[in-house]
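Next comes protein39.csv, a file with CSV, C-alpha atoms and all ligand atoms.
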chain,number,residue,atom,x,y,z
A,1,MET,CA,91.0,119.1,115.9
A,2,ILE,CA,94.3,118.9,114.0
A,3,PRO,CA,96.5,122.0,114.7
A,4,PRO,CA,97.3,124.2,111.7
A,5,LEU,CA,100.8,122.9,111.4
A,6,ALA,CA,100.0,119.3,111.3
A,7,ASN,CA,97.2,119.8,108.8
A,8,ASN,CA,99.9,120.5,106.1
A,9,PHE,CA,100.5,116.7,106.2
A,10,VAL,CA,97.2,115.2,107.3
A,11,ALA,CA,93.8,115.9,105.8
A,12,GLY,CA,91.7,116.0,109.0
A,13,GLU,CA,90.4,113.4,111.3
A,14,THR,CA,87.2,112.3,109.5
A,15,THR,CA,86.1,110.7,106.2
A,16,ASP,CA,84.2,113.9,105.4
A,17,GLY,CA,87.3,116.0,106.0
A,18,ALA,CA,89.4,113.8,103.8
A,19,VAL,CA,86.9,113.8,101.0
A,20,SER,CA,86.5,117.5,101.1
A,21,TYR,CA,90.4,117.9,100.9
A,22,LEU,CA,90.3,115.6,97.9
A,23,GLU,CA,87.8,117.9,96.2
A,24,SER,CA,90.2,120.8,96.6
A,25,LEU,CA,93.2,118.7,95.5
A,26,ASN,CA,91.4,117.6,92.3
A,27,GLN,CA,90.9,121.3,91.3
A,28,ASP,CA,94.7,121.4,90.7
A,29,ASP,CA,94.5,118.2,88.6
A,30,VAL,CA,96.1,116.2,91.4
A,31,ALA,CA,94.4,112.9,92.3
A,32,GLY,CA,94.4,111.6,95.8
A,33,ILE,CA,95.3,108.3,97.5
A,34,LEU,CA,93.5,108.3,100.8
A,35,ASN,CA,95.0,106.5,103.7
A,36,VAL,CA,93.4,106.0,107.1
A,37,LEU,CA,96.2,106.4,109.7
A,38,GLY,CA,96.8,103.3,111.7
A,39,GLU,CA,99.2,100.3,111.9
A,40,HIS,CA,100.4,97.3,113.9
A,41,TYR,CA,97.1,96.5,115.6
A,42,THR,CA,97.3,93.5,117.8
A,43,ASN,CA,93.6,93.2,118.6
A,44,ARG,CA,91.0,92.3,116.0
A,45,ALA,CA,88.5,95.0,117.0
A,46,GLU,CA,90.9,97.7,115.8
A,47,ALA,CA,91.8,96.0,112.6
A,48,ASP,CA,88.1,95.5,111.9
A,49,ALA,CA,87.3,99.1,112.8
A,50,ASP,CA,89.8,100.4,110.2
A,51,THR,CA,88.5,97.9,107.6
A,52,GLU,CA,85.0,99.4,108.2
A,53,GLU,CA,86.4,102.9,107.8
A,54,TYR,CA,87.8,101.9,104.4
A,55,LEU,CA,84.4,100.4,103.4
A,56,THR,CA,82.7,103.7,104.3
A,57,LEU,CA,85.4,105.6,102.5
A,58,VAL,CA,85.2,103.6,99.2
A,59,SER,CA,81.4,103.9,99.3
A,60,GLN,CA,81.7,107.6,99.6
A,61,LEU,CA,84.3,107.8,96.9
A,62,GLY,CA,82.3,105.6,94.7
A,63,SER,CA,79.3,107.9,94.9
A,64,THR,CA,81.3,110.9,93.6
A,65,ASP,CA,83.3,111.5,90.4
A,66,LEU,CA,86.4,112.6,92.4
A,67,ASP,CA,89.8,111.3,91.3
A,68,GLY,CA,90.6,109.3,94.3
A,69,CYS,CA,91.6,105.8,95.5
A,70,ILE,CA,92.8,104.2,98.8
A,71,SER,CA,96.0,102.8,100.3
A,72,VAL,CA,95.9,100.3,103.1
A,73,LYS,CA,98.7,99.0,105.4
A,74,PRO,CA,98.6,95.2,106.0
A,75,SER,CA,99.3,95.5,109.7
A,76,GLN,CA,96.4,98.0,110.0
A,77,ILE,CA,93.9,95.4,108.8
A,78,GLY,CA,95.2,92.5,110.8
A,79,LEU,CA,98.5,91.2,109.6
A,80,ASP,CA,100.1,91.2,113.1
A,81,ILE,CA,97.1,89.2,114.4
A,82,GLY,CA,97.3,86.6,111.6
A,83,ASP,CA,97.7,86.2,107.8
A,84,ASP,CA,94.1,85.0,107.6
A,85,VAL,CA,92.7,88.1,109.3
A,86,PHE,CA,94.7,90.3,106.9
A,87,ARG,CA,93.4,88.4,103.9
A,88,GLU,CA,89.8,88.4,105.1
A,89,ASN,CA,89.8,92.1,105.7
A,90,LEU,CA,91.6,92.9,102.4
A,91,ASP,CA,89.1,90.7,100.6
A,92,ARG,CA,86.2,92.8,102.1
A,93,ILE,CA,87.9,96.0,101.1
A,94,VAL,CA,88.9,94.9,97.6
A,95,THR,CA,85.4,93.4,96.9
A,96,THR,CA,83.5,96.6,97.9
A,97,ALA,CA,86.1,98.9,96.3
A,98,THR,CA,85.9,97.0,93.0
A,99,GLU,CA,82.1,97.2,93.0
A,100,GLN,CA,82.4,100.9,93.5
A,101,ASP,CA,85.2,101.2,90.9
A,102,VAL,CA,87.7,102.5,93.5
A,103,PHE,CA,91.3,101.4,93.1
A,104,VAL,CA,93.1,99.8,96.2
A,105,TRP,CA,96.8,100.2,96.9
A,106,VAL,CA,98.5,98.0,99.5
A,107,ASP,CA,101.4,99.7,101.2
A,108,MET,CA,104.5,97.6,101.9
A,109,GLU,CA,105.8,97.3,105.5
A,110,ASP,CA,109.0,95.7,106.7
A,111,HIS,CA,110.7,92.8,104.9
A,112,THR,CA,109.1,90.1,107.1
A,113,THR,CA,105.7,91.0,105.6
A,114,THR,CA,106.7,91.0,101.9
A,115,ASP,CA,105.8,87.4,101.0
A,116,VAL,CA,102.4,87.4,102.5
A,117,THR,CA,101.6,90.9,101.1
A,118,LEU,CA,102.6,90.0,97.6
A,119,ASP,CA,100.8,86.6,97.7
A,120,ALA,CA,97.6,88.4,98.6
A,121,VAL,CA,98.0,91.2,96.1
A,122,CYS,CA,98.8,88.7,93.3
A,123,GLU,CA,95.6,86.7,94.1
A,124,PHE,CA,93.3,89.8,94.4
A,125,GLY,CA,95.0,91.5,91.4
A,126,ARG,CA,94.1,88.5,89.2
A,127,ARG,CA,90.7,88.2,90.6
A,128,THR,CA,89.8,91.8,90.0
A,129,ASP,CA,91.6,92.1,86.7
A,130,GLY,CA,94.0,94.7,88.1
A,131,ASN,CA,92.0,96.7,90.7
A,132,VAL,CA,94.8,96.2,93.3
A,133,GLY,CA,98.3,97.7,93.3
A,134,VAL,CA,101.2,97.1,95.6
A,135,CYS,CA,104.3,99.1,96.8
A,136,VAL,CA,107.8,97.5,96.4
A,137,GLN,CA,111.0,98.9,98.0
A,138,ALA,CA,114.2,99.5,96.1
A,139,ASN,CA,116.3,99.0,99.3
A,140,LEU,CA,115.4,95.3,99.5
A,141,LYS,CA,117.7,93.0,97.6
A,142,ARG,CA,114.8,90.7,96.6
A,143,THR,CA,112.8,93.4,94.8
A,144,SER,CA,114.1,92.7,91.3
A,145,GLU,CA,112.8,89.2,91.5
A,146,ASP,CA,109.5,90.4,93.0
A,147,LEU,CA,109.1,92.7,90.0
A,148,GLU,CA,109.6,89.8,87.6
A,149,ARG,CA,106.8,88.1,89.3
A,150,LEU,CA,104.6,91.2,89.4
A,151,ALA,CA,105.1,91.9,85.7
A,152,ASP,CA,102.6,89.1,84.9
A,153,VAL,CA,100.0,90.2,87.4
A,154,PRO,CA,97.3,92.7,86.4
A,155,GLY,CA,97.4,95.9,88.6
A,156,LYS,CA,99.8,98.8,89.3
A,157,VAL,CA,103.1,98.7,91.1
A,158,ARG,CA,104.5,101.7,93.1
A,159,LEU,CA,108.3,101.8,93.4
A,160,VAL,CA,109.7,103.5,96.5
A,161,LYS,CA,113.1,103.6,98.1
A,162,GLY,CA,111.9,102.0,101.3
A,163,ALA,CA,111.1,103.5,104.7
A,164,TYR,CA,112.1,100.7,107.0
A,165,ASN,CA,115.4,100.2,108.7
A,166,GLU,CA,116.2,96.8,107.4
A,167,PRO,CA,119.1,94.5,108.2
A,168,ALA,CA,122.1,94.4,105.8
A,169,SER,CA,121.4,90.7,105.1
A,170,VAL,CA,118.3,91.6,103.1
A,171,ALA,CA,118.8,95.3,102.2
A,172,TYR,CA,121.1,97.8,100.6
A,173,LYS,CA,122.1,100.2,103.4
A,174,LYS,CA,124.0,103.0,101.5
A,175,LYS,CA,121.8,105.8,100.0
A,176,SER,CA,123.9,105.9,96.8
A,177,GLU,CA,123.3,102.1,96.4
A,178,VAL,CA,119.6,102.4,96.9
A,179,ASP,CA,119.4,105.3,94.5
A,180,SER,CA,121.3,103.4,91.8
A,181,VAL,CA,119.0,100.3,92.3
A,182,TYR,CA,116.0,102.5,92.2
A,183,ARG,CA,117.1,103.7,88.7
A,184,GLU,CA,117.7,100.2,87.5
A,185,LEU,CA,114.3,98.9,88.8
A,186,LEU,CA,112.5,101.8,87.2
A,187,GLU,CA,114.1,101.0,83.9
A,188,TYR,CA,113.0,97.4,84.2
A,189,MET,CA,109.5,98.5,85.0
A,190,PHE,CA,109.3,100.9,82.0
A,191,SER,CA,110.6,98.2,79.7
A,192,GLU,CA,108.6,95.3,81.0
A,193,PHE,CA,105.3,96.6,82.4
A,194,ASP,CA,102.5,97.4,80.0
A,195,ASP,CA,101.0,100.0,82.3
A,196,GLY,CA,100.5,100.8,85.9
A,197,ILE,CA,103.9,102.1,86.9
A,198,ALA,CA,103.9,104.5,89.9
A,199,VAL,CA,107.0,106.4,90.8
A,200,GLY,CA,106.7,107.0,94.6
A,201,SER,CA,109.4,109.5,95.2
A,202,HIS,CA,110.1,113.2,95.9
A,203,ASP,CA,113.6,113.0,94.5
A,204,PRO,CA,114.0,115.3,91.5
A,205,ALA,CA,116.7,113.0,90.1
A,206,MET,CA,114.4,109.9,90.1
A,207,ILE,CA,111.5,111.9,88.7
A,208,SER,CA,113.6,113.2,85.9
A,209,HIS,CA,114.9,109.7,85.2
A,210,ALA,CA,111.3,108.4,85.1
A,211,ARG,CA,110.3,111.1,82.7
A,212,SER,CA,113.2,110.2,80.3
A,213,LEU,CA,112.3,106.5,80.5
A,214,ALA,CA,108.6,107.4,79.7
A,215,ASP,CA,109.8,109.3,76.6
A,216,GLU,CA,112.0,106.4,75.6
A,217,TYR,CA,109.6,103.5,76.2
A,218,GLY,CA,106.2,105.3,75.8
A,219,THR,CA,104.9,103.4,78.9
A,220,PRO,CA,102.1,105.1,80.9
A,221,TYR,CA,103.1,106.0,84.4
A,222,GLU,CA,102.2,108.2,87.4
A,223,ILE,CA,104.1,110.1,90.0
A,224,GLN,CA,103.1,109.8,93.7
A,225,MET,CA,104.2,112.1,96.5
A,226,LEU,CA,103.0,112.7,100.0
A,227,MET,CA,100.7,115.4,101.2
A,228,GLY,CA,102.7,118.4,102.5
A,229,VAL,CA,105.9,117.5,100.5
A,230,ARG,CA,106.9,119.5,97.4
A,231,GLU,CA,103.3,120.4,96.7
A,232,ASP,CA,104.4,123.2,94.3
A,233,GLU,CA,106.2,120.6,92.3
A,234,GLN,CA,103.2,118.3,92.4
A,235,ARG,CA,101.0,121.1,90.9
A,236,ASN,CA,103.8,121.9,88.3
A,237,LEU,CA,104.0,118.3,87.2
A,238,ALA,CA,100.2,118.0,86.9
A,239,ALA,CA,100.1,121.3,84.9
A,240,ALA,CA,102.8,119.8,82.6
A,241,GLY,CA,100.5,116.9,81.9
A,242,VAL,CA,102.1,114.2,84.2
A,243,GLU,CA,99.5,112.0,86.0
A,244,MET,CA,100.1,113.2,89.6
A,245,TRP,CA,98.8,111.4,92.7
A,246,GLN,CA,99.1,112.7,96.2
A,247,TYR,CA,99.1,110.3,99.2
A,248,VAL,CA,96.7,111.8,101.7
A,249,PRO,CA,96.7,110.4,105.3
A,250,TYR,CA,93.8,111.2,107.6
A,251,GLY,CA,92.3,110.0,110.9
A,252,ASP,CA,92.6,110.4,114.6
A,253,LYS,CA,96.1,108.8,114.8
A,254,TRP,CA,97.7,111.8,113.2
A,255,PHE,CA,100.2,112.8,115.8
A,256,GLN,CA,102.7,110.0,115.3
A,257,TYR,CA,102.6,110.4,111.5
A,258,PHE,CA,103.1,114.2,111.8
A,259,TYR,CA,106.0,113.7,114.2
A,260,ARG,CA,107.7,111.3,111.8
A,261,ARG,CA,107.4,113.9,108.9
A,262,VAL,CA,108.9,116.7,111.0
A,263,ARG,CA,111.8,114.5,112.2
A,264,GLU,CA,112.8,113.2,108.8
A,265,ARG,CA,113.7,116.6,107.4
A,266,LYS,CA,115.5,119.6,108.9
A,267,GLU,CA,113.4,121.9,106.7
A,268,ASN,CA,110.1,120.5,108.2
A,269,ALA,CA,111.5,120.9,111.7
A,270,LEU,CA,112.4,124.5,111.0
A,271,PHE,CA,109.0,125.1,109.5
A,272,ALA,CA,107.4,123.7,112.6
A,273,LEU,CA,109.6,125.8,114.9
A,274,ARG,CA,108.8,129.0,112.9
A,275,ALA,CA,105.1,128.3,113.1
A,276,VAL,CA,105.4,127.9,116.9
A,277,THR,CA,107.6,130.8,117.6
A,278,GLY,CA,106.3,133.1,114.9
A,279,LEU,CA,109.8,133.8,113.6
B,1,LIG,P1,114.9,110.8,99.5
B,1,LIG,O1,115.9,109.8,99.0
B,1,LIG,O2,114.5,110.8,100.9
B,1,LIG,O3,115.4,112.3,99.1
B,1,LIG,C1,116.0,112.6,97.9
B,1,LIG,C2,115.7,114.0,97.5
B,1,LIG,O4,114.2,114.2,97.4
B,1,LIG,C3,116.0,115.0,98.5
B,1,LIG,O5,117.4,115.4,98.4
B,1,LIG,C4,115.1,116.2,98.2
B,1,LIG,O6,115.6,116.8,97.0
B,1,LIG,C5,113.8,115.5,97.8
B,1,LIG,N1,113.0,115.3,99.0
B,1,LIG,C6,112.8,114.2,99.7
B,1,LIG,N2,112.0,114.4,100.8
B,1,LIG,C7,111.7,115.7,100.8
B,1,LIG,C8,110.9,116.5,101.6
B,1,LIG,N3,110.2,116.1,102.7
B,1,LIG,N4,110.8,117.8,101.3
B,1,LIG,C9,111.4,118.3,100.2
B,1,LIG,N5,112.2,117.6,99.4
B,1,LIG,C10,112.3,116.3,99.7
B,1,LIG,N6,107.8,103.4,101.9
B,1,LIG,C11,107.6,102.1,102.3
B,1,LIG,O7,108.5,101.4,102.8
B,1,LIG,N7,106.4,101.5,102.0
B,1,LIG,C12,105.4,102.2,101.4
B,1,LIG,O8,104.3,101.6,101.2
B,1,LIG,C13,105.6,103.5,101.0
B,1,LIG,N8,104.7,104.2,100.4
B,1,LIG,C14,105.0,105.5,99.9
B,1,LIG,C15,104.0,106.2,99.1
B,1,LIG,C16,104.3,107.4,98.6
B,1,LIG,C17,103.3,108.1,97.7
B,1,LIG,C18,105.6,108.0,98.8
B,1,LIG,C19,106.0,109.3,98.2
B,1,LIG,C20,106.5,107.3,99.6
B,1,LIG,C21,106.2,106.1,100.2
B,1,LIG,N9,107.1,105.4,101.0
B,1,LIG,C22,106.9,104.1,101.3
B,1,LIG,C23,108.3,106.1,101.5
B,1,LIG,C24,109.6,105.9,100.7
B,1,LIG,O9,110.0,104.6,100.8
B,1,LIG,C25,110.7,106.8,101.1
B,1,LIG,O10,111.1,106.6,102.4
B,1,LIG,C26,110.4,108.3,101.0
B,1,LIG,O11,109.6,108.6,99.8
B,1,LIG,C27,111.7,109.1,100.9
B,1,LIG,O12,112.4,108.8,99.7
B,1,LIG,P2,112.4,109.8,98.4
B,1,LIG,O13,112.6,109.0,97.2
B,1,LIG,O14,111.1,110.6,98.4
B,1,LIG,O15,113.6,110.8,98.6
Take the structure in this file and express it as structure tokens.
Ligand code: FAD
Amino acid sequence: MIPPLANNFVAGETTDGAVSYLESLNQDDVAGILNVLGEHYTNRAEADADTEEYLTLVSQLGSTDLDGCISVKPSQIGLDIGDDVFRENLDRIVTTATEQDVFVWVDMEDHTTTDVTLDAVCEFGRRTDGNVGVCVQANLKRTSEDLERLADVPGKVRLVKGAYNEPASVAYKKKSEVDSVYRELLEYMFSEFDDGIAVGSHDPAMISHARSLADEYGTPYEIQMLMGVREDEQRNLAAAGVEMWQYVPYGDKWFQYFYRRVRERKENALFALRAVTGL
């Protein structure tokens, strides 16, 4: 069982647990992006097992009227084993999810995976007329060109700042630089994308920038944040009529994910300490 502290960030270990969390989330008008925790598999059995888990999940979501979709990591469904394994498993997930009317996000991992991820998403996005979306990272110098390519592909695009420690040859390293590029890329998306913009950020400055751009351009958009992060603000935004999606990880590999969330912010670490010491 997931201890009380970790369950602020992770919605249980099972599909049933994640779906029941989604039900409660929807009551606050927040939709859920369900992610099975797992990455960097080097043997096929693990990649296939997580693919099966996504197939079970989309069937379950498809049989309800809950506001939910899924998000998949390329290395979780076989990218480290081979491009063909990744494409084969993504194909299975996208085909079943499209039959069940469940949207599929593809997370973006480090820059060595960007080409193969975008190639697959462009192909499946066209084939399903937009039932697939992809994440792109403002810290990568290539992203403005990638967005030009994605502007012609049906499907949504999530803009994030980027979670991977990339080399300076391919990435902006200064936070101020990444923030400024994020703003520029958002403006490009609002001006060039017909729909399907997802603002993947907890940053109040980026969210307020996105809301002003939406007023200026009238383009539909959504905001996405992680489970356990600024949840009051997530509910406030939903109550103000913003389309709000929460990224909801679950599964038995919760410890590493929880540990990362605690380490990345002092407030989370203090929160963890208080829960343990009772202070
Ligand atoms: P930061 O630049 O980290 O912080 C800016 C401000 O935001 C802070 O000063 C604070 O006011 C607020 N804030 C940020 N974090 C917190 C917190 N924990 N608690 C309270 N306030 C906070 N990265 C990838 O590389 N690939 C992906 O596929 C990917 N998918 C993502 C999906 C979603 C839905 C989200 C939200 C993020 C995803 N990321 C992904 C991570 C992303 O790249 C960033 O590393 C992460 O979101 C931190 O950047 P930020 O814009 O949220 O804010």
**OP:** Please identify the residues whose atoms come within 6 Å of ligand LIG 1 (chain B), using only C-alpha atoms and all ligand atoms, and report them as a list in words.
**Re:** Asp107, Met108, Glu109, Cys135, Gln137, Val160, Lys161, Gly162, Ala163, Tyr164, Gly200, Ser201, His202, Asp203, Pro204, Gln224, Met225, Leu226, Val229, Arg230, Tyr247 and Arg265 of chain A
Spatial neighbours of A:Pro154, max dist 7 Å, all atoms listed in the file, sep filter under 3 positions, as a PDB file with C-alpha atoms, in the frame of the given file:
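Done, and the output landed in result-v8.pdb:
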ATOM      1  CA  GLY A 125      95.000  91.500  91.400  1.00  0.00           C
ATOM      2  CA  ARG A 126      94.100  88.500  89.200  1.00  0.00           C
ATOM      3  CA  ASP A 129      91.600  92.100  86.700  1.00  0.00           C
ATOM      4  CA  GLY A 130      94.000  94.700  88.100  1.00  0.00           C
TER       5      GLY A 130
END
**OP:** Might you pull out every residue within 12 Å of A:Asp16, with all atoms listed in the file counted and same-chain residues fewer than 6 positions away left off, and present them as a list in words?
**Re:**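 Residues near the query, excluding close chain neighbours: Leu22, Glu23, Leu34, Glu53, Thr56, Leu57, Gln60, Leu61, Tyr250 and Gly251 of chain A.
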Subject >> Selection near A:Lys174, 12 Å with only C-alpha atoms, sequence-local residues under 5 positions removed, as a list of chain:residue names >> reply: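 In the requested format, the answer is A:Ala138, A:Asn139, A:Leu140, A:Lys161, A:Asn165, A:Glu166, A:Pro167, A:Ala168, A:Asp179, A:Ser180, A:Val181.
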**OP:** Have a look at A:Pro4, A:Gly241, A:Gly38, A:Gly68 and name the one nearest to A:Leu25; count all atoms listed in the file.
**Re:**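 Ranking A:Pro4, A:Gly241, A:Gly38, A:Gly68 by distance to A:Leu25, first place goes to A:Gly68.
We find atom CA of A:Ala11 and atom CA of A:Pro249 to be spaced 6.2 Å apart.
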Subject >> atom CA of A:Ile77 to atom CA of A:Asp146, distance in Å rounded to a single decimal >> reply: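 Distance reported for this atom pair: 22.8 Å.
The gap separating atom CA of A:Tyr259 from atom CA of A:Arg235 is 25.0 Å, in Å to one decimal.
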Original post:
Which polymer residues, protein or nucleic acid, are no farther than 12 Å from (95.8, 87.9, 98.2), counting all atoms listed in the file, as number ranges by chain?
Top reply: A: 74, 83-95, 106, 114-128, 132-134, 153
Subject >> Proximity to A:Trp254 - best of A:Met1, A:Leu37, A:Leu66, A:Leu185, only C-alpha atoms >> reply: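 For A:Trp254, the nearest of the given residues is A:Leu37.
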Original post:
Pick from A:Met189, A:Val58, A:Ala198, A:Val36: nearest to A:Asp252, with only C-alpha atoms counted?
Top reply: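 Of the candidates, the smallest distance to A:Asp252 is held by A:Val36.
If only C-alpha atoms are the atoms counted, then among A:Ile70, A:Val170, A:Ala205, A:Val102 the closest residue to A:Trp245 is A:Ile70.
Nearest to A:Met227 of all the residues A:Val136, A:Val10, A:Leu213, A:Ile2 is A:Val10, counting only C-alpha atoms.
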